[in-house]
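Data from structure23.txt: compact mmCIF, C-alpha atoms
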```txt
# COMPACT_ATOMS: atom_id res chain seq x y z
CA MET Q 26 137.05 99.81 132.62
CA LEU Q 27 136.44 96.81 130.34
CA SER Q 28 138.30 93.51 130.24
CA LYS Q 29 140.77 92.73 127.46
CA ALA Q 30 138.20 90.53 125.68
CA GLU Q 31 135.47 93.16 126.00
CA ASN Q 32 137.74 95.86 124.58
CA PHE Q 33 138.62 93.50 121.72
CA TYR Q 34 134.97 93.06 120.73
CA LEU Q 35 134.21 96.76 121.15
CA ASP Q 36 137.14 97.60 118.87
CA LYS Q 37 135.81 95.13 116.27
CA ILE Q 38 132.38 96.78 116.38
CA GLU Q 39 133.92 100.23 115.95
CA GLN Q 40 135.96 98.93 113.02
CA TRP Q 41 132.76 97.57 111.47
CA GLU Q 42 131.08 100.96 112.00
CA ASN Q 43 133.96 102.74 110.27
CA GLU Q 44 133.77 100.33 107.34
CA LEU Q 45 130.01 100.88 107.15
CA ILE Q 46 130.50 104.65 106.98
CA SER Q 47 133.45 104.66 104.56
CA LYS Q 48 132.10 102.04 102.14
CA GLN Q 49 131.14 103.53 98.79
CA PRO Q 50 128.42 101.85 96.69
CA ASN Q 51 129.34 101.15 93.07
CA LYS Q 52 127.80 102.90 90.07
CA LEU Q 53 125.46 100.00 89.42
CA PHE Q 54 123.88 100.53 92.85
CA TYR Q 55 123.22 104.21 92.12
CA ILE Q 56 121.69 103.36 88.72
CA TYR Q 57 119.47 100.72 90.32
CA SER Q 58 118.53 103.04 93.21
CA ASP Q 59 117.61 105.86 90.83
CA TYR Q 60 115.47 103.46 88.81
CA ILE Q 61 113.62 102.32 91.94
CA SER Q 62 113.13 105.92 93.12
CA ALA Q 63 111.75 106.89 89.70
CA SER Q 64 109.35 103.93 89.83
CA LEU Q 65 108.16 104.87 93.32
CA SER Q 66 107.51 108.45 92.24
CA TYR Q 67 104.53 107.17 90.19
CA ILE Q 68 102.84 105.79 93.30
CA PRO Q 69 100.55 108.36 95.00
CA ASP Q 70 101.56 109.34 98.51
CA MET Q 71 98.27 108.05 99.90
CA HIS Q 72 98.96 104.58 98.49
CA LYS Q 73 102.51 104.67 99.85
CA GLN Q 74 101.17 105.39 103.32
CA ILE Q 75 98.73 102.49 103.04
CA ILE Q 76 101.60 100.15 102.11
CA LEU Q 77 103.79 101.43 104.96
CA GLN Q 78 100.97 101.10 107.49
CA SER Q 79 100.34 97.55 106.26
CA LEU Q 80 104.02 96.71 106.75
CA ASP Q 81 103.84 98.24 110.23
CA ASN Q 82 100.87 96.04 111.10
CA ILE Q 83 102.55 92.95 109.67
CA LEU Q 84 105.66 93.52 111.78
CA PHE Q 85 103.74 94.12 115.02
CA HIS Q 86 101.49 91.10 114.48
CA PHE Q 87 104.36 88.84 113.51
CA HIS Q 88 106.33 89.99 116.52
CA ALA Q 89 103.43 89.18 118.85
CA ILE Q 90 102.75 85.81 117.20
CA ILE Q 91 106.40 84.72 117.28
CA PHE Q 92 107.22 86.03 120.74
CA ASN Q 93 104.18 84.42 122.36
CA SER Q 94 104.52 81.11 120.54
CA THR Q 95 105.54 77.73 121.93
CA PHE Q 96 108.54 77.95 119.62
CA GLN Q 97 109.69 81.07 121.47
CA ARG Q 98 109.38 79.38 124.85
CA ASN Q 99 111.32 76.36 123.60
CA THR Q 100 114.03 78.60 122.16
CA ALA Q 101 114.27 80.54 125.42
CA GLN Q 102 114.71 77.29 127.35
CA LYS Q 103 117.43 76.14 124.93
CA LEU Q 104 119.29 79.44 125.24
CA MET Q 105 119.19 79.31 129.04
CA HIS Q 106 120.25 75.64 128.99
CA GLN Q 107 123.31 76.58 126.89
CA ALA Q 108 124.02 79.48 129.23
CA ARG Q 109 123.78 77.31 132.38
CA VAL Q 110 126.67 75.25 131.08
CA HIS Q 111 128.78 78.32 131.86
CA ASN Q 112 126.81 79.79 134.77
CA GLU Q 113 124.38 77.81 136.93
CA SER Q 114 122.56 80.91 138.20
CA ILE Q 115 120.82 81.72 134.88
CA PHE Q 116 117.06 81.11 135.08
CA THR Q 117 115.63 83.96 132.96
CA LEU Q 118 116.67 85.55 129.69
CA LYS Q 119 117.66 88.73 131.49
CA ASP Q 120 120.16 86.64 133.47
CA MET Q 121 122.05 86.03 130.21
CA LYS Q 122 123.97 89.23 130.97
CA LYS Q 123 125.81 87.28 133.65
CA LEU Q 124 127.81 85.46 130.96
CA ASN Q 125 131.08 86.95 129.76
CA ILE Q 126 131.42 88.39 126.27
CA ASP Q 127 133.18 85.34 124.78
CA GLN Q 128 130.38 83.03 125.93
CA LEU Q 129 127.66 85.33 124.61
CA HIS Q 130 129.48 85.77 121.31
CA ALA Q 131 129.75 82.01 120.82
CA ILE Q 132 126.03 81.43 121.51
CA ALA Q 133 125.08 84.31 119.20
CA ASN Q 134 127.29 83.02 116.37
CA LYS Q 135 125.65 79.61 116.54
CA GLN Q 136 122.16 81.14 116.39
CA MET Q 137 123.07 83.44 113.49
CA ALA Q 138 124.42 80.49 111.52
CA ASN Q 139 121.16 78.58 112.11
CA TYR Q 140 118.98 81.42 110.81
CA ARG Q 141 121.19 81.99 107.77
CA ILE Q 142 120.90 78.31 106.87
CA LEU Q 143 117.13 78.44 107.40
CA ALA Q 144 116.83 81.48 105.12
CA SER Q 145 118.98 79.80 102.45
CA ALA Q 146 116.79 76.70 102.57
CA GLN Q 147 113.69 78.88 102.16
CA GLY Q 148 115.25 80.48 99.08
CA ALA Q 149 116.10 77.12 97.55
CA LEU Q 150 112.57 75.79 98.16
CA ALA Q 151 111.02 79.01 96.77
CA SER Q 152 112.82 78.34 93.48
CA LYS Q 153 111.18 74.93 93.17
CA HIS Q 154 107.72 75.04 94.77
CA THR Q 155 104.96 77.59 94.16
CA GLY Q 156 103.77 77.54 97.77
CA PHE Q 157 107.20 78.47 99.12
CA LEU Q 158 107.57 81.08 96.37
CA LEU Q 159 104.29 82.81 97.24
CA GLY Q 160 105.15 82.77 100.94
CA ASP Q 161 108.80 83.76 100.53
CA PHE Q 162 108.42 87.40 101.58
CA LEU Q 163 106.43 86.65 104.73
CA SER Q 164 108.71 83.71 105.55
CA MET Q 165 111.77 85.95 105.32
CA VAL Q 166 110.12 88.55 107.55
CA MET Q 167 109.37 85.91 110.16
CA ILE Q 168 112.81 84.26 109.98
CA ASN Q 169 114.70 87.53 110.28
CA LEU Q 170 112.44 89.13 112.86
CA ARG Q 171 112.86 85.98 114.91
CA SER Q 172 116.65 86.15 114.53
CA VAL Q 173 116.66 89.70 115.94
CA GLN Q 174 114.47 88.63 118.87
CA VAL Q 175 116.84 85.78 119.67
CA LEU Q 176 119.96 87.97 119.50
CA ALA Q 177 118.27 90.50 121.80
CA SER Q 178 117.48 87.69 124.26
CA ILE Q 179 121.06 86.37 124.17
CA TYR Q 180 122.32 89.75 125.36
CA GLY Q 181 119.72 89.88 128.14
CA ARG Q 182 117.16 92.10 126.43
CA PRO Q 183 114.09 89.99 125.53
CA ALA Q 184 111.36 91.93 123.72
CA ASP Q 185 108.91 91.76 126.62
CA SER Q 186 108.27 95.49 127.10
CA PRO Q 187 107.04 98.30 124.80
CA ASN Q 188 110.55 99.76 124.71
CA GLU Q 189 112.26 96.51 123.77
CA ILE Q 190 109.58 95.68 121.20
CA MET Q 191 110.13 99.01 119.45
CA THR Q 192 113.90 98.58 119.61
CA THR Q 193 113.69 95.08 118.13
CA LEU Q 194 111.52 96.29 115.24
CA LYS Q 195 113.80 99.27 114.57
CA VAL Q 196 116.89 97.06 114.54
CA PHE Q 197 115.14 94.70 112.12
CA CYS Q 198 114.15 97.58 109.82
CA ALA Q 199 117.68 99.03 109.95
CA GLY Q 200 119.04 95.74 108.67
CA CYS Q 201 116.43 95.62 105.88
CA LEU Q 202 117.32 99.02 104.43
CA PRO Q 203 119.56 99.49 101.37
CA TYR Q 204 123.16 100.33 102.27
CA PRO Q 205 123.23 104.18 102.39
CA TYR Q 206 120.00 104.32 104.40
CA ARG Q 207 121.29 101.60 106.72
CA VAL Q 208 124.11 103.90 107.84
CA GLN Q 209 121.62 106.59 108.82
CA ALA Q 210 119.38 104.08 110.61
CA TRP Q 211 122.38 102.77 112.59
CA ASP Q 212 123.27 106.31 113.67
CA GLU Q 213 119.69 106.83 114.86
CA LEU Q 214 119.80 103.59 116.87
CA MET Q 215 123.03 104.69 118.53
CA ILE Q 216 121.62 108.12 119.35
CA GLU Q 217 118.61 106.52 121.04
CA GLN Q 218 120.93 104.15 122.90
CA GLU Q 219 122.91 107.11 124.24
CA LYS Q 220 119.66 108.59 125.55
CA GLU Q 221 119.27 105.55 127.83
CA GLN Q 222 116.13 104.25 126.14
CA GLN Q 223 116.14 101.05 128.20
CA GLY Q 224 113.15 101.61 130.47
CA PHE Q 225 109.82 99.82 130.25
CA PHE Q 226 108.10 102.38 128.02
CA TYR Q 227 109.45 103.73 124.75
CA ASN Q 228 110.04 107.49 124.54
CA GLY Q 229 111.81 107.83 121.20
CA ASN Q 230 110.69 108.29 117.59
CA ASP Q 231 107.82 105.83 117.06
CA GLU Q 232 108.20 105.69 113.25
CA ILE Q 233 109.03 102.07 112.42
CA VAL Q 234 108.67 101.43 108.68
CA GLN Q 235 109.98 104.38 106.69
CA GLU Q 236 109.43 105.10 103.01
CA LYS Q 237 112.96 103.89 102.28
CA MET Q 238 111.72 100.37 103.06
CA LEU Q 239 109.80 100.45 99.78
CA HIS Q 240 113.17 100.08 98.01
CA THR Q 241 113.66 96.79 99.84
CA LEU Q 242 110.11 95.69 99.09
CA ILE Q 243 110.58 96.26 95.35
CA THR Q 244 113.91 94.43 95.44
CA GLU Q 245 112.17 91.45 97.03
CA LEU Q 246 109.47 91.52 94.33
CA ILE Q 247 112.15 91.56 91.63
CA LYS Q 248 113.81 88.57 93.30
CA LEU Q 249 110.49 86.69 93.24
CA CYS Q 250 110.12 87.45 89.53
CA PHE Q 251 113.55 85.96 88.87
CA LEU Q 252 112.67 82.90 90.95
CA GLN Q 253 109.45 82.43 88.98
CA PHE Q 254 111.29 82.82 85.67
CA TYR Q 255 113.99 80.30 86.64
CA LYS Q 256 111.64 78.09 88.61
CA GLY Q 257 112.83 74.50 88.94
CA SER Q 258 116.30 75.23 87.54
CA HIS Q 259 119.73 75.24 89.13
CA THR Q 260 120.00 78.98 88.40
CA GLY Q 261 116.80 79.66 90.33
CA ALA Q 262 118.07 77.69 93.32
CA VAL Q 263 121.33 79.65 93.30
CA ILE Q 264 119.50 82.99 93.11
CA GLY Q 265 117.04 82.10 95.88
CA THR Q 266 119.70 80.68 98.20
CA ALA Q 267 122.20 83.51 97.67
CA ALA Q 268 119.63 86.33 97.91
CA ASN Q 269 118.03 85.02 101.11
CA TYR Q 270 121.40 84.22 102.71
CA ARG Q 271 122.70 87.73 101.99
CA PHE Q 272 119.51 89.36 103.28
CA THR Q 273 119.66 87.40 106.55
CA ARG Q 274 123.42 87.86 106.92
CA ILE Q 275 123.04 91.64 106.82
CA ILE Q 276 120.15 91.71 109.29
CA THR Q 277 121.81 89.36 111.78
CA GLU Q 278 125.08 91.27 111.43
CA VAL Q 279 123.41 94.60 112.23
CA ALA Q 280 121.39 93.11 115.12
CA HIS Q 281 124.38 91.31 116.62
CA HIS Q 282 126.60 94.38 116.50
CA TYR Q 283 123.85 96.51 118.01
CA TYR Q 284 123.01 94.29 120.97
CA GLN Q 285 126.63 93.38 121.59
CA LYS Q 286 127.62 97.05 121.62
CA CYS Q 287 124.75 97.89 123.99
CA TYR Q 288 125.92 95.09 126.29
CA LEU Q 289 129.52 96.34 126.26
CA LEU Q 290 128.57 99.98 126.82
CA SER Q 291 126.37 98.89 129.72
CA LYS Q 292 129.27 96.91 131.21
CA ARG Q 293 131.56 99.92 130.86
CA GLU Q 294 129.09 102.14 132.71
CA GLU Q 295 128.68 99.56 135.48
CA ASN Q 296 132.44 99.22 135.91
CA GLY Q 297 132.98 102.98 135.68
```

Exercise: express the given structure as structure tokens:
Amino acid sequence: MLSKAENFYLDKIEQWENELISKQPNKLFYIYSDYISASLSYIPDMHKQIILQSLDNILFHFHAIIFNSTFQRNTAQKLMHQARVHNESIFTLKDMKKLNIDQLHAIANKQMANYRILASAQGALASKHTGFLLGDFLSMVMINLRSVQVLASIYGRPADSPNEIMTTLKVFCAGCLPYPYRVQAWDELMIEQEKEQQGFFYNGNDEIVQEKMLHTLITELIKLCFLQFYKGSHTGAVIGTAANYRFTRIITEVAHHYYQKCYLLSKREENG
């Protein structure tokens, strides 16, 4: 029921899913993961919950600030302007679904490249200036949360309802997780998608930041320690640029595959 191009992209997503499932982490990852888990075991559960609740609050507040900002409105206008080159009837972000898959894919690729460059620049600056170093974690949260919002908008699903807000945050968190946990988070996203969670209100599991996110948080703190140690050097710039680029590449990759697959599955149901 899909066009040749749509089937091509759906096949690529399924291939990516199979690679995600079959990929085996190396021994170094397991050693590192065990070390992090052992370190976290010394933190009382009450303190862990405080940290997780704080991360929850940060994500919700950042989402609201970014989505209601002038920057968001300007970005929305730019996206619709790009879309109207292909289809003159697009006047809202939800109209973006009127574009074909090749057009949406091209717009999404351009946006992903922009956010990866922005994240890399933040990493390079964090290795040289104390202000950027101290704000690196929050900057990366804002950059990557914004990238997920933009990708959702490109595929006609702006985060303007409780359901879409929760979905955006869950997609962001799925991309943040270490590899083995990312597979599980992706499966949970797909299960919720199959349950037709696309109404105005959200009816799924409302747990956003899980304890597994603490692994990512510690990894980010270790990165900041390296940046501080190599501050002002070429090595520090390489570490900051590479680490931030990789982090953003994974999140944008997960978000793009998710929203593109949702778009294609929706098209298949409409044509069926």

May I have the residues within 12 Å of Q:Ser291 as a list in words, using only C-alpha atoms and disregarding those fewer than 4 positions away in the same chain?
-> Met26, Leu27, Glu31, Leu35, Lys122, Tyr180, Gly181, Arg182, Gln218, Glu219, Glu221, Gln223, Tyr284, Gln285, Lys286, Cys287, Glu295, Asn296 and Gly297 of chain Q

Tell me which residues come within 9 Å of (116.0, 96.9, 106.3), as a PDB file with C-alpha atoms, keeping the file's coordinate frame, counting all atoms listed in the file in the file's coordinates.
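Result went into part29.pdb, see below:
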```
ATOM      1  CA  LYS Q 195     113.800  99.270 114.570  1.00  0.00           C
ATOM      2  CA  VAL Q 196     116.890  97.060 114.540  1.00  0.00           C
ATOM      3  CA  PHE Q 197     115.140  94.700 112.120  1.00  0.00           C
ATOM      4  CA  CYS Q 198     114.150  97.580 109.820  1.00  0.00           C
ATOM      5  CA  ALA Q 199     117.680  99.030 109.950  1.00  0.00           C
ATOM      6  CA  GLY Q 200     119.040  95.740 108.670  1.00  0.00           C
ATOM      7  CA  CYS Q 201     116.430  95.620 105.880  1.00  0.00           C
ATOM      8  CA  LEU Q 202     117.320  99.020 104.430  1.00  0.00           C
ATOM      9  CA  PRO Q 203     119.560  99.490 101.370  1.00  0.00           C
ATOM     10  CA  TYR Q 204     123.160 100.330 102.270  1.00  0.00           C
ATOM     11  CA  TYR Q 206     120.000 104.320 104.400  1.00  0.00           C
ATOM     12  CA  ARG Q 207     121.290 101.600 106.720  1.00  0.00           C
ATOM     13  CA  VAL Q 234     108.670 101.430 108.680  1.00  0.00           C
ATOM     14  CA  LYS Q 237     112.960 103.890 102.280  1.00  0.00           C
ATOM     15  CA  MET Q 238     111.720 100.370 103.060  1.00  0.00           C
ATOM     16  CA  THR Q 241     113.660  96.790  99.840  1.00  0.00           C
ATOM     17  CA  PHE Q 272     119.510  89.360 103.280  1.00  0.00           C
ATOM     18  CA  ILE Q 275     123.040  91.640 106.820  1.00  0.00           C
ATOM     19  CA  ILE Q 276     120.150  91.710 109.290  1.00  0.00           C
TER      20      ILE Q 276
END
```

Any idea what the distance is between atom CA of Q:Phe85 and atom CA of Q:Ser64?
-> 27.6 Å

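By all atoms listed in the file, and with residues fewer than 3 positions from Q:Ala30 along its chain excluded, the set lying at most 10 Å from it is Leu27, Phe33, Tyr34, Leu35, Asp36, Asn125, Ile126 and Asp127 of chain Q.
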
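One distance worth recording is that between atom CA of Q:Leu104 and atom CA of Q:Asn169, which is 17.6 Å.
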
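Atom CA of Q:His72 to atom CA of Q:Thr273 spans 28.1 Å [interatomic distance, one decimal].
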
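Closest to Q:Ala63 among Q:Lys48, Q:Pro183, Q:His240, Q:Met167 is Q:His240, based on all atoms listed in the file.
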
Nearest candidate to Q:Thr277 (options Q:Ser66, Q:Gln128, Q:Thr95, Q:Gln136; using only C-alpha atoms) = Q:Gln136

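With all atoms listed in the file as the basis for measurement, Q:Val279 is the residue among Q:Val173, Q:Ser47, Q:Val279, Q:Lys29 that approaches Q:Ala210 most closely.
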
Which residue of Q:Ser145, Q:Asn134, Q:Thr192, Q:Asn43 approaches Q:Ile168 most closely, using all atoms listed in the file = Q:Ser145

Minimum-distance residue to Q:Leu129, chosen among Q:Ile233, Q:Ile216, Q:Leu289, Q:Ile68 (using only C-alpha atoms) = Q:Leu289

Closest to Q:Phe157 among Q:Gln78, Q:Asn188, Q:Gln253, Q:Ser62, using all atoms listed in the file?
-> Q:Gln253

Hey, what's within 10 Å of Q:Ile115 if we count only C-alpha atoms and toss same-chain stuff fewer than 6 positions away? As a PyMOL selection string, please?
-> chain Q and resi 105-109+121-124

If you keep C-alpha atoms, can you produce a file of those selected residues as a PDB file, keeping the file's coordinate frame?
```pdb
ATOM      1  CA  MET Q 105     119.190  79.310 129.040  1.00  0.00           C
ATOM      2  CA  HIS Q 106     120.250  75.640 128.990  1.00  0.00           C
ATOM      3  CA  GLN Q 107     123.310  76.580 126.890  1.00  0.00           C
ATOM      4  CA  ALA Q 108     124.020  79.480 129.230  1.00  0.00           C
ATOM      5  CA  ARG Q 109     123.780  77.310 132.380  1.00  0.00           C
ATOM      6  CA  MET Q 121     122.050  86.030 130.210  1.00  0.00           C
ATOM      7  CA  LYS Q 122     123.970  89.230 130.970  1.00  0.00           C
ATOM      8  CA  LYS Q 123     125.810  87.280 133.650  1.00  0.00           C
ATOM      9  CA  LEU Q 124     127.810  85.460 130.960  1.00  0.00           C
TER      10      LEU Q 124
END
```

Name the residues, using the chain letters and numbers of the file, that sit within 9 Å of (119.6, 82.6, 92.0) when counting all atoms listed in the file, and give them as a PDB file with C-alpha atoms, in the coordinates of the input.
```pdb
ATOM      1  CA  GLY Q 148     115.250  80.480  99.080  1.00  0.00           C
ATOM      2  CA  ALA Q 149     116.100  77.120  97.550  1.00  0.00           C
ATOM      3  CA  SER Q 152     112.820  78.340  93.480  1.00  0.00           C
ATOM      4  CA  LYS Q 248     113.810  88.570  93.300  1.00  0.00           C
ATOM      5  CA  PHE Q 251     113.550  85.960  88.870  1.00  0.00           C
ATOM      6  CA  LEU Q 252     112.670  82.900  90.950  1.00  0.00           C
ATOM      7  CA  TYR Q 255     113.990  80.300  86.640  1.00  0.00           C
ATOM      8  CA  HIS Q 259     119.730  75.240  89.130  1.00  0.00           C
ATOM      9  CA  THR Q 260     120.000  78.980  88.400  1.00  0.00           C
ATOM     10  CA  GLY Q 261     116.800  79.660  90.330  1.00  0.00           C
ATOM     11  CA  ALA Q 262     118.070  77.690  93.320  1.00  0.00           C
ATOM     12  CA  VAL Q 263     121.330  79.650  93.300  1.00  0.00           C
ATOM     13  CA  ILE Q 264     119.500  82.990  93.110  1.00  0.00           C
ATOM     14  CA  GLY Q 265     117.040  82.100  95.880  1.00  0.00           C
ATOM     15  CA  THR Q 266     119.700  80.680  98.200  1.00  0.00           C
ATOM     16  CA  ALA Q 267     122.200  83.510  97.670  1.00  0.00           C
ATOM     17  CA  ALA Q 268     119.630  86.330  97.910  1.00  0.00           C
TER      18      ALA Q 268
END
```

Neighbours of Q:Ile76 within 10 Å (all atoms listed in the file; same-chain residues fewer than 4 positions away dropped), as a list in words?
-> Asp70, Met71, His72, Leu80, Asp81, Asn82, Val234, Glu236 and Leu239 of chain Q
